[in-house]
Structures are given as C-alpha cells and as structure tokens.
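Structure data (mmCIF, C-alpha atoms) from structure_26.cif:
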data_upload
#
loop_
_atom_site.group_PDB
_atom_site.id
_atom_site.type_symbol
_atom_site.label_atom_id
_atom_site.label_comp_id
_atom_site.auth_asym_id
_atom_site.auth_seq_id
_atom_site.Cartn_x
_atom_site.Cartn_y
_atom_site.Cartn_z
ATOM 1 C CA MET A 212 -45.260 90.041 99.658
ATOM 2 C CA LYS A 213 -47.385 92.979 98.584
ATOM 3 C CA PHE A 214 -48.105 93.602 94.925
ATOM 4 C CA ALA A 215 -49.225 96.761 93.155
ATOM 5 C CA VAL A 216 -51.745 96.108 90.378
ATOM 6 C CA ILE A 217 -51.491 99.119 88.103
ATOM 7 C CA GLN A 218 -54.748 100.527 86.735
ATOM 8 C CA PHE A 219 -54.593 102.587 83.571
ATOM 9 C CA PRO A 220 -57.724 103.959 81.927
ATOM 10 C CA GLY A 221 -58.701 101.016 79.717
ATOM 11 C CA SER A 222 -57.020 98.252 81.737
ATOM 12 C CA ASN A 223 -59.433 95.324 81.868
ATOM 13 C CA CYS A 224 -57.547 92.403 83.409
ATOM 14 C CA ASP A 225 -56.797 94.278 86.635
ATOM 15 C CA ARG A 226 -59.355 92.416 88.761
ATOM 16 C CA ASP A 227 -58.182 89.024 87.497
ATOM 17 C CA LEU A 228 -54.616 89.949 88.344
ATOM 18 C CA LEU A 229 -55.532 91.175 91.832
ATOM 19 C CA ASN A 230 -57.452 87.946 92.331
ATOM 20 C CA ALA A 231 -54.432 85.905 91.195
ATOM 21 C CA ALA A 232 -52.174 87.551 93.777
ATOM 22 C CA LEU A 233 -54.727 87.135 96.570
ATOM 23 C CA LYS A 234 -55.385 83.525 95.597
ATOM 24 C CA VAL A 235 -51.758 82.545 96.196
ATOM 25 C CA GLY A 236 -51.735 84.278 99.563
ATOM 26 C CA ALA A 237 -50.055 87.565 98.655
ATOM 27 C CA GLU A 238 -51.318 91.028 99.463
ATOM 28 C CA ALA A 239 -52.314 93.181 96.523
ATOM 29 C CA GLU A 240 -53.778 96.619 95.919
ATOM 30 C CA PHE A 241 -54.922 98.557 92.889
ATOM 31 C CA VAL A 242 -52.652 101.509 92.123
ATOM 32 C CA ASP A 243 -53.754 104.428 89.985
ATOM 33 C CA TYR A 244 -51.637 105.328 86.931
ATOM 34 C CA ARG A 245 -51.079 108.845 88.335
ATOM 35 C CA THR A 246 -49.201 107.457 91.338
ATOM 36 C CA THR A 247 -45.543 108.497 91.457
ATOM 37 C CA SER A 248 -44.088 106.028 93.955
ATOM 38 C CA LEU A 249 -44.326 102.270 94.413
ATOM 39 C CA GLU A 250 -41.956 102.151 97.395
ATOM 40 C CA ASP A 251 -44.602 100.547 99.605
ATOM 41 C CA PHE A 252 -44.822 97.511 97.319
ATOM 42 C CA ASP A 253 -42.626 94.448 96.881
ATOM 43 C CA GLY A 254 -43.667 93.770 93.292
ATOM 44 C CA VAL A 255 -45.579 95.205 90.349
ATOM 45 C CA LEU A 256 -48.263 93.585 88.185
ATOM 46 C CA ILE A 257 -49.210 95.354 84.940
ATOM 47 C CA PRO A 258 -52.525 94.065 83.621
ATOM 48 C CA GLY A 259 -53.811 93.491 80.143
ATOM 49 C CA GLY A 260 -56.440 95.532 78.404
ATOM 50 C CA PHE A 261 -56.359 98.585 76.211
ATOM 51 C CA SER A 262 -54.629 101.289 78.222
ATOM 52 C CA PHE A 263 -55.617 104.711 76.908
ATOM 53 C CA GLY A 264 -57.673 102.989 74.221
ATOM 54 C CA ASP A 265 -54.501 101.854 72.422
ATOM 55 C CA TYR A 266 -54.354 105.435 71.095
ATOM 56 C CA LEU A 267 -51.379 105.989 68.780
ATOM 57 C CA ARG A 268 -49.936 102.497 69.524
ATOM 58 C CA SER A 269 -50.685 99.921 72.168
ATOM 59 C CA GLY A 270 -48.831 100.911 75.323
ATOM 60 C CA ALA A 271 -47.598 104.245 73.953
ATOM 61 C CA MET A 272 -49.545 106.548 76.257
ATOM 62 C CA ALA A 273 -49.092 104.310 79.301
ATOM 63 C CA GLY A 274 -45.372 104.506 78.592
ATOM 64 C CA VAL A 275 -45.343 108.175 79.577
ATOM 65 C CA ALA A 276 -47.868 107.975 82.453
ATOM 66 C CA PRO A 277 -46.574 109.131 85.883
ATOM 67 C CA VAL A 278 -46.566 105.614 87.369
ATOM 68 C CA THR A 279 -44.205 104.375 84.661
ATOM 69 C CA LYS A 280 -41.242 106.133 86.255
ATOM 70 C CA ALA A 281 -42.079 104.375 89.521
ATOM 71 C CA ILE A 282 -42.312 101.022 87.690
ATOM 72 C CA LYS A 283 -38.819 101.623 86.282
ATOM 73 C CA GLU A 284 -37.534 102.422 89.776
ATOM 74 C CA ALA A 285 -39.075 99.200 91.115
ATOM 75 C CA ALA A 286 -37.433 97.246 88.278
ATOM 76 C CA ASP A 287 -34.073 98.920 88.948
ATOM 77 C CA ALA A 288 -34.414 97.992 92.620
ATOM 78 C CA GLY A 289 -34.716 94.327 91.619
ATOM 79 C CA LYS A 290 -38.386 93.932 92.527
ATOM 80 C CA PRO A 291 -40.406 91.532 90.370
ATOM 81 C CA VAL A 292 -42.350 93.221 87.572
ATOM 82 C CA LEU A 293 -44.813 91.147 85.563
ATOM 83 C CA GLY A 294 -46.539 92.615 82.502
ATOM 84 C CA ILE A 295 -49.243 90.565 80.822
ATOM 85 C CA CYS A 296 -50.623 91.281 77.342
ATOM 86 C CA ASN A 297 -50.997 95.070 77.272
ATOM 87 C CA GLY A 298 -48.626 95.020 80.243
ATOM 88 C CA PHE A 299 -45.999 93.316 78.026
ATOM 89 C CA GLN A 300 -46.616 95.912 75.313
ATOM 90 C CA ILE A 301 -46.059 98.665 77.889
ATOM 91 C CA LEU A 302 -42.823 97.065 79.140
ATOM 92 C CA THR A 303 -41.398 97.022 75.596
ATOM 93 C CA GLU A 304 -42.598 100.584 74.951
ATOM 94 C CA VAL A 305 -40.667 101.912 77.948
ATOM 95 C CA GLY A 306 -37.586 99.836 77.170
ATOM 96 C CA LEU A 307 -37.687 97.589 80.242
ATOM 97 C CA LEU A 308 -37.864 94.706 77.766
ATOM 98 C CA PRO A 309 -36.369 94.665 74.255
ATOM 99 C CA GLY A 310 -38.319 94.378 70.996
ATOM 100 C CA ALA A 311 -41.902 95.362 70.251
ATOM 101 C CA LEU A 312 -45.357 93.867 69.773
ATOM 102 C CA ILE A 313 -46.917 94.402 66.353
ATOM 103 C CA PHE A 314 -50.206 93.342 64.772
ATOM 104 C CA ASN A 315 -50.888 89.613 64.508
ATOM 105 C CA ASP A 316 -49.893 88.371 61.050
ATOM 106 C CA GLN A 317 -53.502 87.816 60.000
ATOM 107 C CA HIS A 318 -54.549 91.169 61.536
ATOM 108 C CA THR A 319 -57.352 89.530 63.520
ATOM 109 C CA PHE A 320 -57.959 89.511 67.257
ATOM 110 C CA ILE A 321 -57.224 86.045 68.665
ATOM 111 C CA SER A 322 -59.032 84.871 71.806
ATOM 112 C CA ARG A 323 -58.580 81.214 72.728
ATOM 113 C CA ASP A 324 -56.678 78.770 74.925
ATOM 114 C CA GLU A 325 -53.124 78.387 73.741
ATOM 115 C CA SER A 326 -50.634 75.597 74.340
ATOM 116 C CA LEU A 327 -47.272 76.983 75.467
ATOM 117 C CA LYS A 328 -43.894 75.683 76.522
ATOM 118 C CA VAL A 329 -41.887 76.900 79.521
ATOM 119 C CA VAL A 330 -38.477 76.990 77.844
ATOM 120 C CA ASN A 331 -36.679 78.529 80.819
ATOM 121 C CA ASN A 332 -37.598 77.344 84.301
ATOM 122 C CA GLU A 333 -34.556 78.977 85.871
ATOM 123 C CA THR A 334 -36.167 82.367 86.395
ATOM 124 C CA ALA A 335 -37.612 83.313 89.770
ATOM 125 C CA PHE A 336 -40.991 83.438 88.030
ATOM 126 C CA THR A 337 -40.939 79.959 86.525
ATOM 127 C CA ARG A 338 -39.133 77.715 89.013
ATOM 128 C CA GLY A 339 -42.364 75.924 89.792
ATOM 129 C CA TYR A 340 -42.518 74.505 86.268
ATOM 130 C CA GLY A 341 -40.518 71.719 84.716
ATOM 131 C CA GLN A 342 -38.030 72.631 81.980
ATOM 132 C CA GLY A 343 -39.921 72.249 78.704
ATOM 133 C CA GLU A 344 -43.249 71.800 80.511
ATOM 134 C CA ASP A 345 -46.335 72.383 78.381
ATOM 135 C CA VAL A 346 -48.934 74.709 79.875
ATOM 136 C CA VAL A 347 -52.236 76.139 78.705
ATOM 137 C CA TYR A 348 -52.949 79.836 79.186
ATOM 138 C CA PRO A 349 -55.606 81.780 77.290
ATOM 139 C CA VAL A 350 -54.471 84.408 74.798
ATOM 140 C CA ALA A 351 -56.545 87.450 73.818
ATOM 141 C CA HIS A 352 -54.747 89.956 71.645
ATOM 142 C CA GLY A 353 -54.687 91.772 68.329
ATOM 143 C CA GLU A 354 -51.093 92.965 68.621
ATOM 144 C CA GLY A 355 -49.183 89.996 69.953
ATOM 145 C CA HIS A 356 -46.605 89.361 67.241
ATOM 146 C CA TYR A 357 -43.277 89.686 69.048
ATOM 147 C CA TYR A 358 -40.817 91.546 66.850
ATOM 148 C CA CYS A 359 -37.107 92.120 67.343
ATOM 149 C CA ASP A 360 -34.059 92.459 65.110
ATOM 150 C CA ASP A 361 -31.432 89.714 64.700
ATOM 151 C CA GLU A 362 -29.003 91.291 67.132
ATOM 152 C CA THR A 363 -31.654 91.507 69.854
ATOM 153 C CA TYR A 364 -32.779 87.934 69.223
ATOM 154 C CA ASP A 365 -29.215 86.648 69.487
ATOM 155 C CA ARG A 366 -28.822 88.471 72.781
ATOM 156 C CA LEU A 367 -32.126 87.079 74.114
ATOM 157 C CA ALA A 368 -31.102 83.563 73.156
ATOM 158 C CA ALA A 369 -27.547 83.883 74.496
ATOM 159 C CA ASN A 370 -28.759 85.222 77.860
ATOM 160 C CA ASN A 371 -31.511 82.626 78.164
ATOM 161 C CA GLN A 372 -34.140 85.402 78.303
ATOM 162 C CA ILE A 373 -36.808 83.573 76.313
ATOM 163 C CA VAL A 374 -39.121 82.071 78.910
ATOM 164 C CA LEU A 375 -42.301 81.029 77.146
ATOM 165 C CA THR A 376 -42.949 79.951 73.543
ATOM 166 C CA TYR A 377 -46.066 79.018 71.572
ATOM 167 C CA ASN A 378 -46.402 75.393 70.565
ATOM 168 C CA GLU A 379 -48.481 76.538 67.589
ATOM 169 C CA ASN A 380 -47.542 80.100 66.799
ATOM 170 C CA PRO A 381 -50.854 81.999 66.535
ATOM 171 C CA ASN A 382 -49.611 85.456 65.576
ATOM 172 C CA GLY A 383 -46.302 85.299 63.697
ATOM 173 C CA SER A 384 -44.105 85.995 66.731
ATOM 174 C CA ARG A 385 -40.405 85.686 66.069
ATOM 175 C CA ASN A 386 -39.194 82.155 66.932
ATOM 176 C CA ASP A 387 -42.594 81.479 68.601
ATOM 177 C CA ILE A 388 -41.752 83.847 71.454
ATOM 178 C CA ALA A 389 -44.638 84.362 73.911
ATOM 179 C CA GLY A 390 -42.737 85.708 76.919
ATOM 180 C CA ILE A 391 -39.290 87.091 77.805
ATOM 181 C CA VAL A 392 -37.399 88.347 80.856
ATOM 182 C CA ASN A 393 -34.897 91.176 81.132
ATOM 183 C CA GLU A 394 -31.208 90.407 81.633
ATOM 184 C CA LYS A 395 -31.476 90.738 85.405
ATOM 185 C CA GLY A 396 -34.372 88.294 85.408
ATOM 186 C CA ASN A 397 -36.787 90.399 87.456
ATOM 187 C CA VAL A 398 -38.969 91.822 84.655
ATOM 188 C CA LEU A 399 -41.178 89.337 82.792
ATOM 189 C CA GLY A 400 -43.480 90.194 79.902
ATOM 190 C CA MET A 401 -45.834 87.758 78.184
ATOM 191 C CA MET A 402 -48.796 87.936 75.836
ATOM 192 C CA PRO A 403 -50.746 84.940 77.244
ATOM 193 C CA HIS A 404 -52.832 85.323 80.398
ATOM 194 C CA PRO A 405 -51.731 83.139 83.356
ATOM 195 C CA GLU A 406 -54.168 85.104 85.553
ATOM 196 C CA ARG A 407 -56.986 83.574 83.506
ATOM 197 C CA ALA A 408 -55.677 80.065 84.167
ATOM 198 C CA LEU A 409 -56.238 79.621 87.899
ATOM 199 C CA GLU A 410 -59.176 77.201 88.040
ATOM 200 C CA THR A 411 -59.489 73.774 86.417
ATOM 201 C CA LEU A 412 -63.235 74.392 86.371
ATOM 202 C CA LEU A 413 -62.578 77.260 83.938
ATOM 203 C CA GLY A 414 -60.219 75.272 81.712
ATOM 204 C CA SER A 415 -56.750 75.411 83.258
ATOM 205 C CA ASP A 416 -54.954 76.181 86.508
ATOM 206 C CA ASP A 417 -51.510 76.220 84.910
ATOM 207 C CA GLY A 418 -51.054 79.870 85.856
ATOM 208 C CA LEU A 419 -51.085 79.239 89.611
ATOM 209 C CA LYS A 420 -47.460 78.138 89.811
ATOM 210 C CA LEU A 421 -46.260 81.400 88.265
ATOM 211 C CA PHE A 422 -47.948 83.523 90.915
ATOM 212 C CA ARG A 423 -46.941 81.128 93.695
ATOM 213 C CA GLU A 424 -43.290 81.486 92.698
ATOM 214 C CA MET A 425 -43.608 85.269 92.718
ATOM 215 C CA THR A 426 -44.690 85.178 96.365
ATOM 216 C CA LYS A 427 -41.399 83.415 97.175
ATOM 217 C CA TRP A 428 -39.381 86.134 95.457
ATOM 218 C CA GLU A 429 -36.751 86.863 98.123
ATOM 219 C CA ALA A 430 -35.934 83.171 98.551
ATOM 220 C CA ASN A 431 -35.993 82.442 94.815
ATOM 221 C CA HIS A 432 -34.162 85.400 93.365
ATOM 222 C CA VAL A 433 -30.541 84.845 94.144
ATOM 223 C CA MET B 91 -46.282 129.764 65.767
ATOM 224 C CA LYS B 92 -45.549 127.055 63.196
ATOM 225 C CA LYS B 93 -47.433 124.010 62.043
ATOM 226 C CA VAL B 94 -45.633 120.662 61.902
ATOM 227 C CA GLU B 95 -46.517 117.649 59.776
ATOM 228 C CA LEU B 96 -45.054 114.436 61.203
ATOM 229 C CA ILE B 97 -45.231 111.242 59.146
ATOM 230 C CA VAL B 98 -44.785 107.937 60.976
ATOM 231 C CA THR B 99 -44.229 104.696 59.031
ATOM 232 C CA LEU B 100 -43.257 101.159 59.915
ATOM 233 C CA GLN B 101 -39.624 100.379 59.125
ATOM 234 C CA PRO B 102 -39.368 98.543 55.799
ATOM 235 C CA GLN B 103 -38.520 95.149 57.336
ATOM 236 C CA VAL B 104 -41.547 95.217 59.680
ATOM 237 C CA LEU B 105 -44.595 93.369 58.395
ATOM 238 C CA ASP B 106 -47.422 95.817 57.619
ATOM 239 C CA THR B 107 -50.570 93.712 57.892
ATOM 240 C CA GLN B 108 -52.868 96.604 56.946
ATOM 241 C CA GLY B 109 -50.778 97.323 53.862
ATOM 242 C CA GLU B 110 -50.863 93.648 52.846
ATOM 243 C CA ALA B 111 -54.647 93.479 53.191
ATOM 244 C CA LEU B 112 -55.035 96.684 51.182
ATOM 245 C CA ASN B 113 -52.728 95.304 48.491
ATOM 246 C CA ARG B 114 -54.986 92.287 48.092
ATOM 247 C CA ALA B 115 -58.133 94.432 47.980
ATOM 248 C CA VAL B 116 -56.607 96.698 45.353
ATOM 249 C CA HIS B 117 -55.646 93.690 43.229
ATOM 250 C CA GLU B 118 -59.177 92.362 43.542
ATOM 251 C CA LEU B 119 -60.326 95.701 42.129
ATOM 252 C CA GLY B 120 -58.236 94.880 39.062
ATOM 253 C CA HIS B 121 -55.328 97.218 39.764
ATOM 254 C CA ASP B 122 -52.387 94.872 39.415
ATOM 255 C CA GLU B 123 -50.156 97.852 38.640
ATOM 256 C CA ILE B 124 -50.264 98.754 42.358
ATOM 257 C CA SER B 125 -47.932 97.020 44.821
ATOM 258 C CA ASN B 126 -46.074 97.513 48.102
ATOM 259 C CA ILE B 127 -48.782 99.481 49.918
ATOM 260 C CA ARG B 128 -47.530 100.643 53.318
ATOM 261 C CA VAL B 129 -49.873 102.306 55.800
ATOM 262 C CA GLY B 130 -48.584 105.025 58.115
ATOM 263 C CA LYS B 131 -49.852 107.827 60.320
ATOM 264 C CA VAL B 132 -49.728 111.576 60.024
ATOM 265 C CA LEU B 133 -49.715 113.900 63.020
ATOM 266 C CA TYR B 134 -50.296 117.636 62.641
ATOM 267 C CA PHE B 135 -49.647 120.045 65.472
ATOM 268 C CA ASP B 136 -48.970 123.684 66.157
ATOM 269 C CA ILE B 137 -45.809 124.705 67.962
ATOM 270 C CA ASP B 138 -45.293 128.046 69.633
ATOM 271 C CA GLU B 139 -41.701 128.417 68.472
ATOM 272 C CA THR B 140 -40.144 130.148 65.491
ATOM 273 C CA GLU B 141 -36.502 129.143 65.772
ATOM 274 C CA GLU B 142 -35.949 126.109 63.564
ATOM 275 C CA SER B 143 -33.240 124.465 65.703
ATOM 276 C CA ARG B 144 -35.498 124.625 68.755
ATOM 277 C CA ILE B 145 -38.392 123.119 66.776
ATOM 278 C CA ASP B 146 -36.116 120.302 65.595
ATOM 279 C CA GLU B 147 -35.042 119.602 69.143
ATOM 280 C CA ILE B 148 -38.614 119.440 70.494
ATOM 281 C CA VAL B 149 -40.071 117.422 67.615
ATOM 282 C CA LYS B 150 -37.228 114.896 67.647
ATOM 283 C CA SER B 151 -37.379 114.488 71.415
ATOM 284 C CA LEU B 152 -41.144 113.896 71.423
ATOM 285 C CA SER B 153 -41.003 111.635 68.381
ATOM 286 C CA ASP B 154 -38.363 109.409 69.968
ATOM 287 C CA ARG B 155 -40.127 109.355 73.325
ATOM 288 C CA LEU B 156 -43.827 109.184 72.476
ATOM 289 C CA PHE B 157 -44.969 109.808 68.908
ATOM 290 C CA THR B 158 -43.110 106.801 67.507
ATOM 291 C CA ASN B 159 -41.657 103.503 68.660
ATOM 292 C CA THR B 160 -38.204 103.614 67.098
ATOM 293 C CA VAL B 161 -37.836 99.832 67.399
ATOM 294 C CA ILE B 162 -40.389 99.351 64.621
ATOM 295 C CA GLU B 163 -41.148 102.790 63.187
ATOM 296 C CA THR B 164 -39.407 105.626 61.465
ATOM 297 C CA TYR B 165 -40.479 109.262 61.088
ATOM 298 C CA GLU B 166 -39.940 112.392 59.099
ATOM 299 C CA TYR B 167 -41.410 115.821 59.582
ATOM 300 C CA THR B 168 -41.866 119.080 57.766
ATOM 301 C CA ILE B 169 -42.196 122.491 59.346
ATOM 302 C CA LEU B 170 -45.067 124.105 57.482
ATOM 303 C CA ASP B 171 -45.906 127.777 57.073
ATOM 304 C CA GLU B 172 -46.605 130.184 59.875
ATOM 305 C CA VAL B 173 -49.969 129.522 61.528
ATOM 306 C CA SER B 174 -52.210 132.593 61.362
ATOM 307 C CA GLU B 175 -53.200 133.555 64.922
#
Write-out of the structure in structure tokens:
Amino acid sequence: MKFAVIQFPGSNCDRDLLNAALKVGAEAEFVDYRTTSLEDFDGVLIPGGFSFGDYLRSGAMAGVAPVTKAIKEAADAGKPVLGICNGFQILTEVGLLPGALIFNDQHTFISRDESLKVVNNETAFTRGYGQGEDVVYPVAHGEGHYYCDDETYDRLAANNQIVLTYNENPNGSRNDIAGIVNEKGNVLGMMPHPERALETLLGSDDGLKLFREMTKWEANHV
Amino acid sequence: MKKVELIVTLQPQVLDTQGEALNRAVHELGHDEISNIRVGKVLYFDIDETEESRIDEIVKSLSDRLFTNTVIETYEYTILDEVSE
C-alpha cells in the first residue's frame, strides 16, 4: 500500500501524516500540489495546515490546484482518500464531501485533546474500532464548525456517513459532527488529528488503528 | 475593459461569528440602534471583455467555482464603468 501525502504551500501536518503511514508499515511519499496524476499511488492523504494561507476561504485555492483533479480521479477509482483538518476543508470545497467548514462558534482557534466517539465502525477506515468507542485525538482549528443544510444532514444520517462525533462539541458543529465519509465510503474527512495520536508517550495512540485499517484497504473495502 | 465589483456574503442562515462579535462591540459603544451586522467580502477585478453576456458567463463560472463556496455563501456583482487604459 503506497500513499501520496499531498503538499500544498502552507500544509503543516504533512510530515506527521507521512510518519503515520510509515509507522503502520505502508509506503508513503510527498506529492507536490502541481502534480497531475496519482496513478502510482494506492491512496491519498491530505494533510492539515493552512494551504495557500487560507486566502479567500480555507481550502478554496487548494480546491483548484492541479493535484485536485488527480485526487478526484483517485476517489472515483475507489482508492482511499483521507483529509484531515485543512484536508477535510479541501474535500468539502471540491465537493468530494458534502457541507462546509465555517468559523468556530466562538471565533477562536482551538488547540487541545478532544474526546470523540466512533459512531460508525463499518467503514474501511474504522473497522479497527469498536462501535461507539471513545477515542482521543488532538484538534487544532479555527474553522472546524461543520455546516450542512437539513436535507444534507438527513442524507448523511440515512446513509450512515457520520463516522466521528465530538463528545463535547468544541466548535458548534452540526449534531457534533467531527468526521464524515462519502456515500461510497472511500473518502473520509475529519477535523481532529489522528496522525497526532500515535504515541502514548505524547498523550494518545488512538489514531494508530485508523492508519492500520487503511493499509488493509483491499481486504477491508468490499 | 470593464471593472467588476463582486460582493460575497454568508447565506442568511449561516452563523456569522465576525458579525456577532462586531454587534456586541457596537452595542458596547452605546449604539443599540444597530443590529444584524453581517460581514462579507468585496472583490474588484478588471475584465478584458465588453460584451455583457460574456462577462456574466465568466463571472458566474468563476464565482461558483472559486470566488465563493455556494454551500454557505451567496454573491452579487456589478459591472462598473469602462476602465481607462
């Protein structure tokens, strides 16, 4: 399993994400945002940070970068695509995931460990967790309030696309949503940072199982 | 060559945290007659086109694709006077 870790100008969780993939035994390489094909990769990891300085809106400029077309092709081909934090914002900007991320309700940047619940362990990303399992991942975002209209929410709920929720909603996200998958189940976006939860020494290793499951993609994704 | 003024605002049902904070600040300044502050963005750009239908087409396409996120924002634009070369 070989992952592409996309680097936009302003990405800052790219090394953590590369490290996460390597730690669970996968191959991983940095891929520049000007790249036009991801055919050589089995999966895509979109890191957090402030791509293009959050100019205009978070994720807006990354949404029209050359590599984005290749990310869409990878998603269409059924490869796993994981977007974390700014990566989640980018995935909603380009329409691979529904809804949008807006400013936290209190308009402050939140950086702390957050208690979360895996509310769907039937995705190929989350099979390593128990249904309803509580996990701790750090969050670090200013625009993490998940917004969607009623119709979209109903669809997300009906299709079991809500994967991760906050136990104590830090940002005003609709129905405590912290992470969602697309209908096909191969594109996951989340605001919290599992790639920063890989070592008990640093607070939590709850993120390991997510990356481990991604390395078993072919077997898991039926 | 024309100049375009594009105004981008959050849709009315989307929480505008900047607007809310400004509202409070304005009230603290004693101006209770002010309410419902909404903060938006304005983009100005020149466009090397004179035909209005073509300008509409380009501005709408770029607004839907990049300038705005139509899930949460709405936009309106005005084609301003000829830009002097």
If the PyMOL selection byres ((chain B) within 8 of (chain A)) is run on the structure shown, which residues does it catch, given as a PyMOL selection string? chain B and resi 105+107-108+156-157+159+161-162
Please write as a ChimeraX atom specification the list of polymer residues whose atoms come within 12 Å of (-54.5, 105.2, 86.3), counting only C-alpha atoms and keeping to the coordinates of the file. /A:216-223,225,241-247,257-258,262-263,272-279
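CA of Thr160 (chain B) to CA of Leu302 (chain A) spans 14.5 Å [interatomic distance, one decimal].
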Point (-46.6, 105.2, 57.8) neighbourhood (7 Å, only C-alpha atoms) written as a PyMOL selection string: chain B and resi 97-100+128-131
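When all atoms listed in the file are used to compute distances to Lys395 (chain A), the closest of the residues A:Thr334, A:Asn380, A:Thr411, A:Asn431 turns out to be A:Thr334.
Taking CA of Pro381 (chain A) and CA of Val329 (chain A) as the two end points, the separation is 16.6 Å.
From CA of Gly254 (chain A) back to CA of Met212 (chain A), the distance works out to 7.5 Å.
By chain and then residue number, the residues within 6 Å of Ile391 (chain A) are Gln372, Ile373, Val374, Leu399 and Gly400 of chain A, counting only C-alpha atoms and disregarding those fewer than 2 positions away in sequence.
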Take the PyMOL selection byres ((chain A and resi 368) around 12), apply it to the structure above, and return the hits as a ChimeraX atom specification. /A:330-331,359,361-367,369-374,385-386,388,391-394
Result set of the PyMOL selection byres ((chain B and resi 145) around 12) on the coordinates above, as a compact mmCIF listing (two decimals) with C-alpha atoms, in the coordinates of the input:
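The result, stored in out.txt:
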# COMPACT_ATOMS: atom_id res chain seq x y z
CA MET B 91 -46.28 129.76 65.77
CA LYS B 92 -45.55 127.06 63.20
CA LYS B 93 -47.43 124.01 62.04
CA VAL B 94 -45.63 120.66 61.90
CA PHE B 135 -49.65 120.04 65.47
CA ASP B 136 -48.97 123.68 66.16
CA ILE B 137 -45.81 124.70 67.96
CA ASP B 138 -45.29 128.05 69.63
CA GLU B 139 -41.70 128.42 68.47
CA THR B 140 -40.14 130.15 65.49
CA GLU B 141 -36.50 129.14 65.77
CA GLU B 142 -35.95 126.11 63.56
CA SER B 143 -33.24 124.46 65.70
CA ARG B 144 -35.50 124.62 68.76
CA ASP B 146 -36.12 120.30 65.60
CA GLU B 147 -35.04 119.60 69.14
CA ILE B 148 -38.61 119.44 70.49
CA VAL B 149 -40.07 117.42 67.61
CA LYS B 150 -37.23 114.90 67.65
CA SER B 151 -37.38 114.49 71.42
CA LEU B 152 -41.14 113.90 71.42
CA SER B 153 -41.00 111.64 68.38
CA TYR B 167 -41.41 115.82 59.58
CA THR B 168 -41.87 119.08 57.77
CA ILE B 169 -42.20 122.49 59.35
CA LEU B 170 -45.07 124.10 57.48
Just want the 8 Å neighbourhood of Leu421 (chain A), counted on all atoms listed in the file, with same-chain residues fewer than 5 positions away dropped. Output as a ChimeraX atom specification. /A:336-337,339,405
Using only C-alpha atoms, the best pick from A:Asp345, A:Glu333, A:Glu354, A:Glu379 as closest to Phe320 (chain A) would be A:Glu354
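Shell of Thr376 (chain A) at 6 Å, with all atoms listed in the file counted and residues fewer than 2 places along the chain excluded, is A:Leu327, A:Lys328, A:Asp387, A:Ile388, A:Ala389.
For the residues A:Ala430, A:Glu424, A:Gly353, A:Val398, ranking by smallest atom-to-atom distance to Asn332 (chain A) using all atoms listed in the file places A:Glu424 first.
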